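A.B. asks: File start-v7.pdb below, PDB, C-alpha atoms, pLDDT in the B column:
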```
ATOM      1  CA  MET A   1    -202.258  98.406  39.855  1.00 63.00           C
ATOM      2  CA  ASN A   2    -199.039  99.168  41.695  1.00 67.00           C
ATOM      3  CA  GLY A   3    -195.549  99.465  40.175  1.00 60.00           C
ATOM      4  CA  GLY A   4    -194.661  95.819  40.861  1.00 68.00           C
ATOM      5  CA  ASP A   5    -197.759  94.499  39.112  1.00 86.00           C
ATOM      6  CA  TRP A   6    -197.101  96.731  36.114  1.00 85.00           C
ATOM      7  CA  GLY A   7    -193.475  95.573  35.984  1.00 85.00           C
ATOM      8  CA  VAL A   8    -194.518  91.923  35.990  1.00 89.00           C
ATOM      9  CA  LEU A   9    -197.093  92.563  33.256  1.00 89.00           C
ATOM     10  CA  VAL A  10    -194.464  94.312  31.117  1.00 91.00           C
ATOM     11  CA  LEU A  11    -192.073  91.408  31.739  1.00 90.00           C
ATOM     12  CA  GLU A  12    -194.705  88.951  30.524  1.00 92.00           C
ATOM     13  CA  ILE A  13    -195.458  91.075  27.449  1.00 92.00           C
ATOM     14  CA  LEU A  14    -191.765  91.315  26.566  1.00 93.00           C
ATOM     15  CA  TRP A  15    -191.094  87.651  27.329  1.00 93.00           C
ATOM     16  CA  PHE A  16    -193.944  86.310  25.195  1.00 94.00           C
ATOM     17  CA  PHE A  17    -193.384  88.869  22.420  1.00 95.00           C
ATOM     18  CA  THR A  18    -189.675  87.996  22.176  1.00 95.00           C
ATOM     19  CA  LEU A  19    -190.326  84.264  22.376  1.00 95.00           C
ATOM     20  CA  PHE A  20    -192.921  84.256  19.607  1.00 95.00           C
ATOM     21  CA  LEU A  21    -190.923  86.727  17.495  1.00 95.00           C
ATOM     22  CA  VAL A  22    -187.968  84.321  17.567  1.00 95.00           C
ATOM     23  CA  ALA A  23    -190.279  81.428  16.650  1.00 95.00           C
ATOM     24  CA  ILE A  24    -191.729  83.364  13.695  1.00 94.00           C
ATOM     25  CA  LEU A  25    -188.273  84.415  12.484  1.00 93.00           C
ATOM     26  CA  ILE A  26    -187.016  80.825  12.661  1.00 93.00           C
ATOM     27  CA  ALA A  27    -190.116  79.621  10.801  1.00 92.00           C
ATOM     28  CA  ALA A  28    -189.522  82.245   8.118  1.00 91.00           C
ATOM     29  CA  LYS A  29    -185.873  81.289   7.784  1.00 89.00           C
ATOM     30  CA  TYR A  30    -186.654  77.632   7.121  1.00 89.00           C
ATOM     31  CA  MET A  31    -189.834  78.245   5.137  1.00 84.00           C
ATOM     32  CA  ALA A  32    -189.617  76.606   1.747  1.00 75.00           C
ATOM     33  CA  GLY A  33    -191.189  77.957  -1.364  1.00 78.00           C
ATOM     34  CA  ASP A  34    -192.381  81.391  -2.361  1.00 79.00           C
ATOM     35  CA  SER A  35    -190.094  84.236  -1.274  1.00 86.00           C
ATOM     36  CA  ARG A  36    -193.057  86.660  -1.349  1.00 87.00           C
ATOM     37  CA  ARG A  37    -194.771  84.657   1.397  1.00 89.00           C
ATOM     38  CA  LYS A  38    -191.546  84.636   3.388  1.00 91.00           C
ATOM     39  CA  LYS A  39    -191.170  88.413   3.034  1.00 91.00           C
ATOM     40  CA  ILE A  40    -194.760  88.991   4.129  1.00 92.00           C
ATOM     41  CA  LEU A  41    -194.232  86.725   7.139  1.00 92.00           C
ATOM     42  CA  LEU A  42    -191.134  88.729   8.069  1.00 93.00           C
ATOM     43  CA  ALA A  43    -192.887  92.042   7.438  1.00 93.00           C
ATOM     44  CA  THR A  44    -195.803  91.138   9.704  1.00 94.00           C
ATOM     45  CA  ALA A  45    -193.797  89.282  12.362  1.00 95.00           C
ATOM     46  CA  PRO A  46    -194.245  91.991  15.050  1.00 96.00           C
ATOM     47  CA  ILE A  47    -198.028  92.073  14.608  1.00 95.00           C
ATOM     48  CA  LEU A  48    -198.286  88.290  14.549  1.00 95.00           C
ATOM     49  CA  SER A  49    -196.036  87.981  17.585  1.00 96.00           C
ATOM     50  CA  LEU A  50    -198.075  90.545  19.511  1.00 95.00           C
ATOM     51  CA  THR A  51    -201.311  88.752  18.591  1.00 95.00           C
ATOM     52  CA  ILE A  52    -200.182  85.343  19.771  1.00 95.00           C
ATOM     53  CA  SER A  53    -198.539  86.898  22.863  1.00 95.00           C
ATOM     54  CA  GLY A  54    -201.856  88.414  23.914  1.00 93.00           C
ATOM     55  CA  PHE A  55    -203.554  85.041  23.677  1.00 94.00           C
ATOM     56  CA  ALA A  56    -200.677  83.354  25.541  1.00 93.00           C
ATOM     57  CA  MET A  57    -200.902  85.814  28.434  1.00 92.00           C
ATOM     58  CA  VAL A  58    -204.660  85.303  28.709  1.00 92.00           C
ATOM     59  CA  ALA A  59    -204.235  81.517  28.476  1.00 92.00           C
ATOM     60  CA  TYR A  60    -201.834  81.291  31.398  1.00 87.00           C
ATOM     61  CA  TYR A  61    -203.581  83.568  33.870  1.00 84.00           C
ATOM     62  CA  PRO A  62    -205.686  81.772  36.471  1.00 81.00           C
ATOM     63  CA  PRO A  63    -207.728  79.830  35.715  1.00 84.00           C
ATOM     64  CA  GLU A  64    -205.220  78.481  33.242  1.00 86.00           C
ATOM     65  CA  GLN A  65    -206.757  77.411  29.957  1.00 89.00           C
ATOM     66  CA  PRO A  66    -204.085  76.360  27.451  1.00 86.00           C
ATOM     67  CA  GLY A  67    -206.785  75.900  24.805  1.00 91.00           C
ATOM     68  CA  ILE A  68    -206.889  79.683  24.462  1.00 93.00           C
ATOM     69  CA  LEU A  69    -203.309  79.534  23.180  1.00 91.00           C
ATOM     70  CA  LEU A  70    -204.458  77.201  20.388  1.00 93.00           C
ATOM     71  CA  VAL A  71    -207.137  79.737  19.504  1.00 94.00           C
ATOM     72  CA  GLY A  72    -204.372  82.367  19.411  1.00 94.00           C
ATOM     73  CA  VAL A  73    -202.322  80.242  17.022  1.00 94.00           C
ATOM     74  CA  GLY A  74    -205.378  79.921  14.785  1.00 95.00           C
ATOM     75  CA  VAL A  75    -206.122  83.652  14.885  1.00 96.00           C
ATOM     76  CA  THR A  76    -202.476  84.421  14.111  1.00 95.00           C
ATOM     77  CA  TYR A  77    -202.511  82.050  11.138  1.00 95.00           C
ATOM     78  CA  VAL A  78    -205.709  83.606   9.807  1.00 95.00           C
ATOM     79  CA  ALA A  79    -204.156  87.069  10.207  1.00 95.00           C
ATOM     80  CA  TYR A  80    -201.103  85.913   8.252  1.00 94.00           C
ATOM     81  CA  ARG A  81    -203.325  84.536   5.478  1.00 93.00           C
ATOM     82  CA  VAL A  82    -205.170  87.873   5.332  1.00 94.00           C
ATOM     83  CA  PHE A  83    -201.848  89.747   5.105  1.00 93.00           C
ATOM     84  CA  LEU A  84    -200.874  87.507   2.177  1.00 91.00           C
ATOM     85  CA  GLN A  85    -203.715  89.085   0.195  1.00 92.00           C
ATOM     86  CA  PHE A  86    -202.205  92.575   0.499  1.00 86.00           C
ATOM     87  CA  ASP A  87    -198.815  93.383  -1.010  1.00 82.00           C
ATOM     88  CA  GLN A  88    -198.948  96.886   0.489  1.00 87.00           C
ATOM     89  CA  ILE A  89    -197.833  95.421   3.811  1.00 88.00           C
ATOM     90  CA  LEU A  90    -194.337  95.119   2.345  1.00 87.00           C
ATOM     91  CA  ARG A  91    -194.222  98.893   1.908  1.00 88.00           C
ATOM     92  CA  TRP A  92    -195.433  99.435   5.473  1.00 90.00           C
ATOM     93  CA  SER A  93    -192.955  97.035   7.054  1.00 90.00           C
ATOM     94  CA  GLY A  94    -190.361  99.738   7.790  1.00 89.00           C
ATOM     95  CA  ILE A  95    -192.925 101.901   9.576  1.00 92.00           C
ATOM     96  CA  LEU A  96    -194.294  98.886  11.421  1.00 93.00           C
ATOM     97  CA  TYR A  97    -190.859  97.802  12.628  1.00 94.00           C
ATOM     98  CA  ARG A  98    -189.872 101.337  13.648  1.00 94.00           C
ATOM     99  CA  THR A  99    -193.100 101.683  15.630  1.00 95.00           C
ATOM    100  CA  PHE A 100    -192.296  98.526  17.570  1.00 95.00           C
ATOM    101  CA  GLU A 101    -188.670  99.662  17.958  1.00 95.00           C
ATOM    102  CA  ILE A 102    -189.963 102.779  19.712  1.00 95.00           C
ATOM    103  CA  ALA A 103    -192.752 101.128  21.731  1.00 95.00           C
ATOM    104  CA  ILE A 104    -190.690  98.249  23.176  1.00 95.00           C
ATOM    105  CA  PRO A 105    -188.080 100.389  25.006  1.00 94.00           C
ATOM    106  CA  LEU A 106    -190.772 102.807  26.199  1.00 94.00           C
ATOM    107  CA  LEU A 107    -192.658  99.865  27.641  1.00 93.00           C
ATOM    108  CA  ALA A 108    -189.520  98.629  29.410  1.00 92.00           C
ATOM    109  CA  LEU A 109    -188.617 102.123  30.632  1.00 92.00           C
ATOM    110  CA  SER A 110    -192.051 102.487  32.209  1.00 91.00           C
ATOM    111  CA  THR A 111    -191.002 100.001  34.918  1.00 89.00           C
ATOM    112  CA  PHE A 112    -188.150 102.097  36.354  1.00 89.00           C
ATOM    113  CA  GLU A 113    -189.805 102.238  39.798  1.00 87.00           C
ATOM    114  CA  THR A 114    -189.003  98.572  40.444  1.00 86.00           C
ATOM    115  CA  PRO A 115    -185.231  98.138  39.938  1.00 87.00           C
ATOM    116  CA  GLN A 116    -185.181  94.323  39.746  1.00 88.00           C
ATOM    117  CA  LEU A 117    -187.911  94.159  37.108  1.00 88.00           C
ATOM    118  CA  PHE A 118    -186.511  97.201  35.320  1.00 91.00           C
ATOM    119  CA  ILE A 119    -183.179  95.466  34.706  1.00 93.00           C
ATOM    120  CA  VAL A 120    -184.819  92.295  33.410  1.00 93.00           C
ATOM    121  CA  ASN A 121    -187.263  94.270  31.247  1.00 92.00           C
ATOM    122  CA  ILE A 122    -184.446  96.324  29.736  1.00 94.00           C
ATOM    123  CA  ALA A 123    -182.557  93.106  28.949  1.00 94.00           C
ATOM    124  CA  PHE A 124    -185.589  91.629  27.155  1.00 92.00           C
ATOM    125  CA  ALA A 125    -186.221  94.924  25.375  1.00 95.00           C
ATOM    126  CA  THR A 126    -182.611  95.003  24.179  1.00 95.00           C
ATOM    127  CA  ALA A 127    -182.799  91.464  22.796  1.00 95.00           C
ATOM    128  CA  THR A 128    -186.110  92.251  21.119  1.00 95.00           C
ATOM    129  CA  LEU A 129    -184.742  95.458  19.605  1.00 95.00           C
ATOM    130  CA  LEU A 130    -181.779  93.597  18.161  1.00 95.00           C
ATOM    131  CA  LEU A 131    -184.112  91.064  16.542  1.00 95.00           C
ATOM    132  CA  LEU A 132    -186.400  93.771  15.178  1.00 95.00           C
ATOM    133  CA  GLU A 133    -183.545  95.902  13.860  1.00 94.00           C
ATOM    134  CA  THR A 134    -181.733  93.081  12.074  1.00 93.00           C
ATOM    135  CA  THR A 135    -184.965  91.815  10.539  1.00 93.00           C
ATOM    136  CA  ARG A 136    -185.937  95.319   9.381  1.00 93.00           C
ATOM    137  CA  ARG A 137    -182.526  95.788   7.773  1.00 92.00           C
ATOM    138  CA  LYS A 138    -182.831  92.458   5.969  1.00 89.00           C
ATOM    139  CA  LEU A 139    -186.243  93.457   4.655  1.00 89.00           C
ATOM    140  CA  GLU A 140    -184.978  96.831   3.449  1.00 86.00           C
ATOM    141  CA  ALA A 141    -181.721  95.501   1.965  1.00 81.00           C
ATOM    142  CA  LYS A 142    -181.266  95.931  -1.729  1.00 66.00           C
ATOM    143  CA  PRO A 143    -180.050  93.020  -3.828  1.00 62.00           C
ATOM    144  CA  ALA A 144    -176.428  93.250  -4.947  1.00 55.00           C
ATOM    145  CA  LYS A 145    -177.395  93.718  -8.585  1.00 55.00           C
ATOM    146  CA  THR A 146    -179.196  96.984  -7.918  1.00 49.00           C
ATOM    147  CA  ILE A 147    -176.330  98.357  -5.835  1.00 48.00           C
ATOM    148  CA  PHE A 148    -173.859  97.682  -8.637  1.00 48.00           C
ATOM    149  CA  ARG A 149    -176.222  99.254 -11.142  1.00 51.00           C
ATOM    150  CA  ALA A 150    -176.540 102.309  -8.929  1.00 49.00           C
ATOM    151  CA  TRP A 151    -172.760 102.680  -8.878  1.00 49.00           C
ATOM    152  CA  ASP A 152    -172.745 102.152 -12.644  1.00 51.00           C
ATOM    153  CA  PHE A 153    -170.292  99.277 -12.611  1.00 49.00           C
ATOM    154  CA  LYS A 154    -169.957  97.549 -15.912  1.00 52.00           C
ATOM    155  CA  GLU A 155    -169.304  93.889 -16.285  1.00 52.00           C
ATOM    156  CA  LYS A 156    -166.150  93.100 -18.215  1.00 51.00           C
ATOM    157  CA  ARG A 157    -166.661  90.550 -20.923  1.00 54.00           C
ATOM    158  CA  HIS A 158    -163.701  88.693 -22.296  1.00 52.00           C
TER
END
```
Let me see the structure of the file written as structure tokens.
C.D. replies:
Amino acid sequence: MNGGDWGVLVLEILWFFTLFLVAILIAAKYMAGDSRRKKILLATAPILSLTISGFAMVAYYPPEQPGILLVGVGVTYVAYRVFLQFDQILRWSGILYRTFEIAIPLLALSTFETPQLFIVNIAFATATLLLLETTRRKLEAKPAKTIFRAWDFKEKRH
């Protein structure tokens, strides 16, 4: 595999990963119901996005078989349902997000031999990092009540 082929493969990985990450984040934002399920969906979004991205890349290589993408959607849903059984994933979400925040730019930086693909890959990596970082911060944010309790503010009652 030469540098150009590797650059194109990285571009496809970043493109599909970013696309499906945005779709999962939008689905989580408008998901009605249990906030625990929403948090677990957000916590596992990088894994789910990577899973469906792998199936999408396989589905659209010759010979193209879009049915494989439907299998990927099913596998991703089953993985999400399995993650719902384990609350520990919420504690691992910070580590998971930081791992992807390190791996994505390294993947993009590995294509520096091909300048045109390098620029595009860095752009996708930057967009992906922004999504990952903001989502990780939302997951780790403390509710306002606990911050005020930590500062020992007292409510004034009249």
A.B. asks: Report as CSV the residues of region 89-116 of chain A within 10 Å of region 25-40 of chain A, each with its shortest atom pair and distance in Å (one decimal), using only C-alpha atoms, ordered by chain and increasing residue number.
C.D. replies:
```
residue,atom,partner,partner_atom,distance
A:Ile89,CA,A:Ile40,CA,7.1
A:Leu90,CA,A:Ile40,CA,6.4
A:Ser93,CA,A:Ile40,CA,8.7
```
A.B. asks: Which is closer to Trp15 (chain A) than all the others in A:Met57, A:Leu139, A:Leu69, A:Leu84, using only C-alpha atoms?
C.D. replies: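 Among A:Met57, A:Leu139, A:Leu69, A:Leu84, it is A:Met57 that comes nearest to Trp15 (chain A).
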A.B. asks: Suppose you want the space between CA of Ile104 (chain A) and CA of Glu133 (chain A); what is it in Å?
C.D. replies: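 For CA of Ile104 (chain A) relative to CA of Glu133 (chain A), the distance reads 12.0 Å.
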A.B. asks: Between A:Leu130, A:Ala43, A:Leu21, A:Gly7, which has the minimum distance to Pro115 (chain A) (counting all atoms listed in the file)?
C.D. replies: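 Among the listed residues, A:Gly7 lies closest to Pro115 (chain A).
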A.B. asks: Would you kindly translate the PyMOL selection byres ((chain A and resi 125) around 10) into the concrete residues it picks from this file, as a list in words?
C.D. replies: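 When the PyMOL selection byres ((chain A and resi 125) around 10) is applied, the selected residues are Leu11, Leu14, Trp15, Phe17, Thr18, Glu101, Ala103, Ile104, Pro105, Leu106, Leu107, Ala108, Leu109, Ile119, Val120, Asn121, Ile122, Ala123, Phe124, Thr126, Ala127, Thr128, Leu129, Leu130 and Leu131 of chain A.
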A.B. asks: Would you mind exporting region 41-56 of chain A with all heavy atoms, as a PDB file, in the first residue's frame?
C.D. replies:
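File written: decode_5.pdb
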```pdb
ATOM      1  N   LEU A  41     -25.731   6.381  25.420  1.00  0.00           N
ATOM      2  CA  LEU A  41     -25.553   6.578  23.979  1.00  0.00           C
ATOM      3  C   LEU A  41     -24.432   7.572  23.713  1.00  0.00           C
ATOM      4  O   LEU A  41     -23.585   7.347  22.849  1.00  0.00           O
ATOM      5  CB  LEU A  41     -26.852   7.050  23.330  1.00  0.00           C
ATOM      6  CG  LEU A  41     -26.802   7.278  21.817  1.00  0.00           C
ATOM      7  CD1 LEU A  41     -26.442   5.988  21.087  1.00  0.00           C
ATOM      8  CD2 LEU A  41     -28.119   7.820  21.316  1.00  0.00           C
ATOM      9  N   LEU A  42     -24.401   8.670  24.475  1.00  0.00           N
ATOM     10  CA  LEU A  42     -23.322   9.642  24.308  1.00  0.00           C
ATOM     11  C   LEU A  42     -21.975   9.066  24.725  1.00  0.00           C
ATOM     12  O   LEU A  42     -20.954   9.318  24.080  1.00  0.00           O
ATOM     13  CB  LEU A  42     -23.620  10.904  25.118  1.00  0.00           C
ATOM     14  CG  LEU A  42     -24.720  11.803  24.589  1.00  0.00           C
ATOM     15  CD1 LEU A  42     -25.001  12.933  25.560  1.00  0.00           C
ATOM     16  CD2 LEU A  42     -24.354  12.360  23.226  1.00  0.00           C
ATOM     17  N   ALA A  43     -21.950   8.292  25.792  1.00  0.00           N
ATOM     18  CA  ALA A  43     -20.701   7.725  26.285  1.00  0.00           C
ATOM     19  C   ALA A  43     -20.108   6.720  25.303  1.00  0.00           C
ATOM     20  O   ALA A  43     -18.887   6.607  25.185  1.00  0.00           O
ATOM     21  CB  ALA A  43     -20.922   7.064  27.638  1.00  0.00           C
ATOM     22  N   THR A  44     -20.956   6.008  24.590  1.00  0.00           N
ATOM     23  CA  THR A  44     -20.465   4.983  23.662  1.00  0.00           C
ATOM     24  C   THR A  44     -20.470   5.447  22.210  1.00  0.00           C
ATOM     25  O   THR A  44     -20.191   4.647  21.315  1.00  0.00           O
ATOM     26  CB  THR A  44     -21.326   3.710  23.789  1.00  0.00           C
ATOM     27  OG1 THR A  44     -22.684   4.043  23.503  1.00  0.00           O
ATOM     28  CG2 THR A  44     -21.209   3.104  25.166  1.00  0.00           C
ATOM     29  N   ALA A  45     -20.761   6.701  21.968  1.00  0.00           N
ATOM     30  CA  ALA A  45     -20.847   7.212  20.592  1.00  0.00           C
ATOM     31  C   ALA A  45     -19.589   6.935  19.762  1.00  0.00           C
ATOM     32  O   ALA A  45     -19.713   6.542  18.598  1.00  0.00           O
ATOM     33  CB  ALA A  45     -21.173   8.701  20.605  1.00  0.00           C
ATOM     34  N   PRO A  46     -18.372   7.112  20.294  1.00  0.00           N
ATOM     35  CA  PRO A  46     -17.200   6.813  19.452  1.00  0.00           C
ATOM     36  C   PRO A  46     -17.118   5.345  19.038  1.00  0.00           C
ATOM     37  O   PRO A  46     -16.806   5.039  17.884  1.00  0.00           O
ATOM     38  CB  PRO A  46     -16.008   7.198  20.332  1.00  0.00           C
ATOM     39  CG  PRO A  46     -16.537   8.137  21.330  1.00  0.00           C
ATOM     40  CD  PRO A  46     -17.961   7.730  21.559  1.00  0.00           C
ATOM     41  N   ILE A  47     -17.419   4.436  19.956  1.00  0.00           N
ATOM     42  CA  ILE A  47     -17.364   3.010  19.616  1.00  0.00           C
ATOM     43  C   ILE A  47     -18.442   2.671  18.590  1.00  0.00           C
ATOM     44  O   ILE A  47     -18.190   1.961  17.612  1.00  0.00           O
ATOM     45  CB  ILE A  47     -17.535   2.141  20.878  1.00  0.00           C
ATOM     46  CG1 ILE A  47     -16.331   2.289  21.783  1.00  0.00           C
ATOM     47  CG2 ILE A  47     -17.733   0.678  20.513  1.00  0.00           C
ATOM     48  CD1 ILE A  47     -16.469   1.579  23.107  1.00  0.00           C
ATOM     49  N   LEU A  48     -19.643   3.182  18.814  1.00  0.00           N
ATOM     50  CA  LEU A  48     -20.738   2.900  17.888  1.00  0.00           C
ATOM     51  C   LEU A  48     -20.459   3.491  16.512  1.00  0.00           C
ATOM     52  O   LEU A  48     -20.721   2.858  15.483  1.00  0.00           O
ATOM     53  CB  LEU A  48     -22.051   3.437  18.455  1.00  0.00           C
ATOM     54  CG  LEU A  48     -22.492   2.848  19.799  1.00  0.00           C
ATOM     55  CD1 LEU A  48     -23.742   3.547  20.302  1.00  0.00           C
ATOM     56  CD2 LEU A  48     -22.702   1.356  19.697  1.00  0.00           C
ATOM     57  N   SER A  49     -19.898   4.690  16.493  1.00  0.00           N
ATOM     58  CA  SER A  49     -19.574   5.332  15.223  1.00  0.00           C
ATOM     59  C   SER A  49     -18.488   4.554  14.481  1.00  0.00           C
ATOM     60  O   SER A  49     -18.556   4.384  13.263  1.00  0.00           O
ATOM     61  CB  SER A  49     -19.126   6.774  15.475  1.00  0.00           C
ATOM     62  OG  SER A  49     -18.777   7.388  14.267  1.00  0.00           O
ATOM     63  N   LEU A  50     -17.486   4.087  15.210  1.00  0.00           N
ATOM     64  CA  LEU A  50     -16.425   3.308  14.576  1.00  0.00           C
ATOM     65  C   LEU A  50     -16.964   1.990  14.036  1.00  0.00           C
ATOM     66  O   LEU A  50     -16.583   1.556  12.939  1.00  0.00           O
ATOM     67  CB  LEU A  50     -15.295   3.066  15.578  1.00  0.00           C
ATOM     68  CG  LEU A  50     -14.047   2.411  15.030  1.00  0.00           C
ATOM     69  CD1 LEU A  50     -13.397   3.311  13.982  1.00  0.00           C
ATOM     70  CD2 LEU A  50     -13.069   2.116  16.150  1.00  0.00           C
ATOM     71  N   THR A  51     -17.880   1.364  14.769  1.00  0.00           N
ATOM     72  CA  THR A  51     -18.466   0.098  14.327  1.00  0.00           C
ATOM     73  C   THR A  51     -19.229   0.272  13.018  1.00  0.00           C
ATOM     74  O   THR A  51     -18.990  -0.451  12.044  1.00  0.00           O
ATOM     75  CB  THR A  51     -19.419  -0.452  15.411  1.00  0.00           C
ATOM     76  OG1 THR A  51     -18.701  -0.603  16.620  1.00  0.00           O
ATOM     77  CG2 THR A  51     -20.026  -1.770  14.991  1.00  0.00           C
ATOM     78  N   ILE A  52     -20.115   1.236  12.993  1.00  0.00           N
ATOM     79  CA  ILE A  52     -20.918   1.428  11.776  1.00  0.00           C
ATOM     80  C   ILE A  52     -20.052   1.956  10.625  1.00  0.00           C
ATOM     81  O   ILE A  52     -20.312   1.655   9.459  1.00  0.00           O
ATOM     82  CB  ILE A  52     -22.147   2.320  12.047  1.00  0.00           C
ATOM     83  CG1 ILE A  52     -23.180   2.139  10.927  1.00  0.00           C
ATOM     84  CG2 ILE A  52     -21.779   3.752  12.229  1.00  0.00           C
ATOM     85  CD1 ILE A  52     -24.518   2.724  11.257  1.00  0.00           C
ATOM     86  N   SER A  53     -18.994   2.696  10.933  1.00  0.00           N
ATOM     87  CA  SER A  53     -18.086   3.183   9.888  1.00  0.00           C
ATOM     88  C   SER A  53     -17.357   2.027   9.211  1.00  0.00           C
ATOM     89  O   SER A  53     -17.161   2.030   7.999  1.00  0.00           O
ATOM     90  CB  SER A  53     -17.058   4.142  10.480  1.00  0.00           C
ATOM     91  OG  SER A  53     -17.667   5.274  10.994  1.00  0.00           O
ATOM     92  N   GLY A  54     -16.942   1.044  10.013  1.00  0.00           N
ATOM     93  CA  GLY A  54     -16.281  -0.125   9.436  1.00  0.00           C
ATOM     94  C   GLY A  54     -17.186  -0.859   8.466  1.00  0.00           C
ATOM     95  O   GLY A  54     -16.768  -1.235   7.361  1.00  0.00           O
ATOM     96  N   PHE A  55     -18.440  -1.035   8.855  1.00  0.00           N
ATOM     97  CA  PHE A  55     -19.387  -1.698   7.955  1.00  0.00           C
ATOM     98  C   PHE A  55     -19.662  -0.841   6.717  1.00  0.00           C
ATOM     99  O   PHE A  55     -19.819  -1.374   5.618  1.00  0.00           O
ATOM    100  CB  PHE A  55     -20.695  -1.999   8.691  1.00  0.00           C
ATOM    101  CG  PHE A  55     -20.631  -3.235   9.530  1.00  0.00           C
ATOM    102  CD1 PHE A  55     -20.360  -3.159  10.885  1.00  0.00           C
ATOM    103  CD2 PHE A  55     -20.844  -4.480   8.958  1.00  0.00           C
ATOM    104  CE1 PHE A  55     -20.309  -4.295  11.665  1.00  0.00           C
ATOM    105  CE2 PHE A  55     -20.799  -5.632   9.733  1.00  0.00           C
ATOM    106  CZ  PHE A  55     -20.516  -5.537  11.100  1.00  0.00           C
ATOM    107  N   ALA A  56     -19.722   0.467   6.874  1.00  0.00           N
ATOM    108  CA  ALA A  56     -19.984   1.347   5.725  1.00  0.00           C
ATOM    109  C   ALA A  56     -18.827   1.293   4.725  1.00  0.00           C
ATOM    110  O   ALA A  56     -19.064   1.278   3.515  1.00  0.00           O
ATOM    111  CB  ALA A  56     -20.195   2.784   6.199  1.00  0.00           C
TER     112      ALA A  56
END
```
